[in-house]
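**Student:** Below is the file protein-v7.cif, with mmCIF, C-alpha atoms.
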```cif
data_entry
#
loop_
_atom_site.label_atom_id
_atom_site.label_comp_id
_atom_site.auth_asym_id
_atom_site.auth_seq_id
_atom_site.Cartn_x
_atom_site.Cartn_y
_atom_site.Cartn_z
CA MET A 861 0.00 0.00 0.00
CA LYS A 862 2.79 2.42 0.94
CA ARG A 863 4.59 1.72 -2.36
CA THR A 864 1.43 2.54 -4.30
CA LEU A 865 1.05 5.87 -2.48
CA VAL A 866 4.73 6.73 -3.03
CA GLY A 867 4.26 5.63 -6.64
CA LEU A 868 1.60 8.28 -7.22
CA LEU A 869 4.35 10.87 -7.25
CA ARG A 870 7.54 8.99 -8.04
CA SER A 871 8.25 7.19 -11.31
CA PHE A 872 11.57 5.53 -10.45
CA GLU A 873 13.14 3.19 -7.91
CA THR A 874 16.72 2.28 -7.13
CA THR A 875 18.67 -0.11 -4.96
CA GLY A 876 21.79 0.59 -2.94
CA GLU A 877 23.83 0.01 0.18
CA LYS A 878 21.90 2.58 2.20
CA ALA A 879 18.38 1.72 1.04
CA LYS A 880 15.85 2.06 3.86
CA ASP A 881 13.81 -0.87 2.56
CA PRO A 882 15.73 -4.14 3.13
CA GLU A 883 14.28 -5.50 -0.12
CA LEU A 884 16.12 -2.74 -2.02
CA LYS A 885 19.56 -3.37 -0.55
CA THR A 886 22.45 -4.25 -2.89
CA ARG A 887 22.72 -8.00 -3.52
CA TYR A 888 26.06 -9.80 -3.18
CA TYR A 889 27.08 -13.12 -4.71
CA LYS A 890 30.22 -15.18 -4.12
CA LEU A 891 30.97 -15.53 -7.84
CA SER A 892 33.20 -13.69 -10.27
CA LYS A 893 31.72 -10.75 -12.17
CA ASP A 894 31.92 -12.72 -15.44
CA GLN A 895 29.91 -15.62 -13.99
CA VAL A 896 27.23 -13.32 -12.54
CA TRP A 897 27.17 -11.41 -15.84
CA GLU A 898 26.45 -14.57 -17.86
CA GLU A 899 23.73 -15.70 -15.43
CA THR A 900 22.08 -12.26 -15.37
CA VAL A 901 22.09 -11.75 -19.15
CA GLY A 902 20.82 -15.30 -19.68
CA MET A 903 18.02 -14.79 -17.16
CA ILE A 904 16.92 -11.49 -18.76
CA LYS A 905 16.88 -13.03 -22.26
CA LYS A 906 14.68 -15.92 -21.05
CA THR A 907 12.23 -13.82 -19.02
CA PRO A 908 9.04 -12.89 -20.92
CA GLY A 909 8.31 -9.16 -20.99
CA TYR A 910 11.95 -8.08 -20.65
CA LYS A 911 13.88 -6.87 -23.69
CA LEU A 912 17.68 -6.65 -23.53
CA LEU A 913 18.65 -3.36 -25.19
CA HIS A 914 22.31 -2.86 -24.43
CA GLU A 915 25.14 -4.48 -22.52
CA VAL A 916 28.57 -3.07 -21.71
CA LYS A 917 30.49 -5.86 -20.02
CA ASN A 918 33.65 -3.90 -19.16
CA VAL A 919 31.55 -1.27 -17.34
CA GLY A 920 29.20 -3.88 -15.87
CA GLU A 921 25.99 -2.34 -17.18
CA ILE A 922 22.96 -4.11 -18.63
CA VAL A 923 20.11 -1.98 -20.02
CA VAL A 924 16.68 -3.58 -20.26
CA GLU A 925 13.23 -2.43 -21.29
CA LYS A 926 9.94 -3.72 -19.90
CA ARG A 927 6.32 -2.93 -20.69
CA THR A 928 3.96 -2.77 -17.72
CA ALA A 929 0.41 -4.10 -17.63
CA LEU A 930 -0.82 -0.54 -18.18
CA GLY A 931 1.28 -0.18 -21.33
CA ARG A 932 3.97 2.09 -19.89
CA THR A 933 7.62 1.45 -20.63
CA GLN A 934 10.22 0.99 -17.91
CA ASP A 935 13.92 1.52 -18.51
CA ILE A 936 15.97 -0.72 -16.23
CA THR A 937 19.71 -0.53 -15.64
CA ILE A 938 21.35 -3.47 -13.90
CA THR A 939 24.86 -2.68 -12.70
CA LEU A 940 27.39 -5.32 -11.64
CA PHE A 941 30.32 -4.34 -9.43
CA GLU A 942 33.35 -6.50 -8.77
CA VAL A 943 33.92 -6.26 -5.00
CA ASN A 944 36.91 -8.61 -5.26
CA PRO A 945 37.82 -11.41 -7.72
CA THR A 946 35.33 -13.81 -6.11
CA THR A 947 32.50 -11.47 -5.04
CA THR A 948 30.09 -9.45 -7.18
CA ALA A 949 27.46 -6.88 -6.16
CA ILE A 950 24.33 -6.01 -8.15
CA ASP A 951 22.32 -2.78 -8.06
CA ILE A 952 19.26 -1.95 -10.14
CA TYR A 953 17.72 1.35 -11.26
CA SER A 954 14.25 1.28 -12.83
CA ALA A 955 12.36 4.30 -14.19
CA SER A 956 9.07 4.66 -16.03
CA ARG A 957 8.84 6.86 -19.08
CA GLY A 958 6.50 9.80 -18.71
CA ASN A 959 5.92 12.26 -15.92
CA MET A 960 3.23 10.53 -13.87
CA GLY A 961 3.91 8.19 -10.96
CA ASP A 962 4.32 4.45 -11.48
CA LEU A 963 2.01 3.15 -8.68
CA GLY A 964 4.92 1.07 -7.37
CA SER A 965 5.58 -0.87 -10.59
CA ASN A 966 9.31 -0.03 -10.62
CA TYR A 967 9.59 -1.36 -7.06
CA ARG A 968 7.86 -4.59 -8.07
CA THR A 969 10.07 -4.92 -11.17
CA ILE A 970 13.24 -4.63 -9.06
CA LEU A 971 11.89 -7.22 -6.59
CA ASP A 972 11.08 -9.54 -9.51
CA ILE A 973 14.61 -9.29 -10.94
CA TYR A 974 16.21 -9.78 -7.52
CA LYS A 975 13.91 -12.75 -6.81
CA GLN A 976 14.93 -14.44 -10.05
CA LEU A 977 18.63 -13.79 -9.43
CA ASP A 978 18.38 -14.97 -5.81
CA LYS A 979 16.69 -18.17 -6.98
CA LYS A 980 19.21 -18.79 -9.76
CA LEU A 981 22.25 -17.94 -7.61
CA ALA A 982 20.92 -19.09 -4.22
CA ALA A 983 23.99 -21.17 -3.41
CA TYR A 984 26.22 -18.12 -3.92
CA LYS A 985 24.19 -15.37 -2.21
CA ILE A 986 25.96 -13.52 0.59
CA SER A 987 23.88 -11.98 3.39
CA ARG A 988 25.08 -8.58 4.59
#
```
Starting from the file, lay out its structure as structure tokens.

**Tutor:**
Amino acid sequence: MKRTLVGLLRSFETTGEKAKDPELKTRYYKLSKDQVWEETVGMIKKTPGYKLLHEVKNVGEIVVEKRTALGRTQDITITLFEVNPTTTAIDIYSASRGNMGDLGSNYRTILDIYKQLDKKLAAYKISR
């Protein structure tokens, strides 16, 4: 309910180290950046509704587009950071095109991507 109210005004959502919502905290995996990259790109390509637009492996950025149930377009940037050679962090930024709020759809999109990654990489997830 709170996300829907916030979504009346805001049309973006982001994750990070200092996110107040625990669901939006940066995810960490005990895998190399290359391994997490391959898993993430593969997952996005196989997920209906997501369209891979651009990937810059050396920067660690994956740009994805998604259409919502209401027909709006979301631009999603998934960023992979190499913490050390065996640990990778993932942050996500999702924004809806247009100037109206998103009714929490960007929040739900981020949770969906994290849920899929957590399921796929469950054995490698690091709790922080």

**Student:** Between CA of Lys975 (chain A) and CA of Tyr888 (chain A), what distance in Å does the model show, to one decimal?

**Tutor:**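 Between CA of Lys975 (chain A) and CA of Tyr888 (chain A) the gap is 13.0 Å.
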
**Student:** Considering all atoms listed in the file, return as a PyMOL selection string whatever protein or nucleic-acid residues lie within 10 Å of Glu883 (chain A), sequence-local ones (same chain, fewer than 2 positions apart) excluded.

**Tutor:** chain A and resi 875+879-881+885-887+967+970-971+974-975

**Student:** So which residues touch Thr948 (chain A) within 9 Å, counting only C-alpha atoms, skipping near sequence neighbours fewer than 3 positions away, as a list in words?

**Tutor:**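 The residues satisfying every condition are Arg887, Tyr888, Tyr889, Lys890, Leu891, Ser892, Lys893, Val896, Leu940, Phe941, Glu942, Val943, Asn944 and Pro945 of chain A.
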
**Student:** Any idea what's packed within 12 Å of Glu898 (chain A), counting all atoms listed in the file, ignoring anything in its chain fewer than 5 positions away? Could you give it as a ChimeraX atom specification?

**Tutor:** /A:891-893,903-905,915,917,920,922,940,977,980-981

**Student:** For CA of Trp897 (chain A) and CA of Ser954 (chain A), determine how far apart the two atoms are, in Å to one decimal place.

**Tutor:** 18.4 Å

**Student:** Between CA of Asn918 (chain A) and CA of Asp894 (chain A), what is the distance, to one decimal in Å?

**Tutor:**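 CA of Asp894 (chain A) lies at a distance of 9.7 Å from CA of Asn918 (chain A).
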
**Student:** Name the residues, using the chain letters and numbers of the file, that sit within 10 Å of (8.5, 11.4, -14.1) when counting only C-alpha atoms, and give them as a list in words.

**Tutor:**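 Neighbouring residues, ordered by chain and number, come to Leu869, Arg870, Ser871, Phe872, Ala955, Ser956, Arg957, Gly958, Asn959, Met960, Gly961 and Asp962 of chain A.
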
**Student:** So, counting only C-alpha atoms, which residue among A:Asp951, A:Gln934, A:Val919, A:Ser987 is closest to Arg968 (chain A)?

**Tutor:**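 Of the candidates, the smallest distance to Arg968 (chain A) is held by A:Gln934.
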
**Student:** Looking at A:Gln976, A:Thr946, A:Thr900, A:Thr969, which one is nearest to Leu884 (chain A), with distances taken over all atoms listed in the file?

**Tutor:**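 Residue with the minimum atom-to-atom distance to Leu884 (chain A): A:Thr969.
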
**Student:** Excluding Tyr953 (chain A) and its own-chain neighbours fewer than 2 positions away, which residues fall within 6 Å of it when counting all atoms listed in the file? Please give them as a PDB file with C-alpha atoms, in the frame of the given file.

**Tutor:**
```
ATOM      1  CA  GLU A 873      13.140   3.190  -7.910  1.00  0.00           C
ATOM      2  CA  THR A 874      16.720   2.280  -7.130  1.00  0.00           C
ATOM      3  CA  ILE A 936      15.970  -0.720 -16.230  1.00  0.00           C
ATOM      4  CA  THR A 937      19.710  -0.530 -15.640  1.00  0.00           C
TER       5      THR A 937
END
```

**Student:** Would you translate the PyMOL selection byres ((chain A and resi 910) around 7) into the concrete set of residues it matches in this file, as a ChimeraX atom specification?

**Tutor:** /A:904,907-909,911-912,924-926

**Student:** Restricting the calculation to all atoms listed in the file: of A:Asp972, A:Gln895, A:Ile986, A:Gly964, which residue gets closest to Ile952 (chain A)?

**Tutor:**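 The closest residue to Ile952 (chain A) is A:Asp972.
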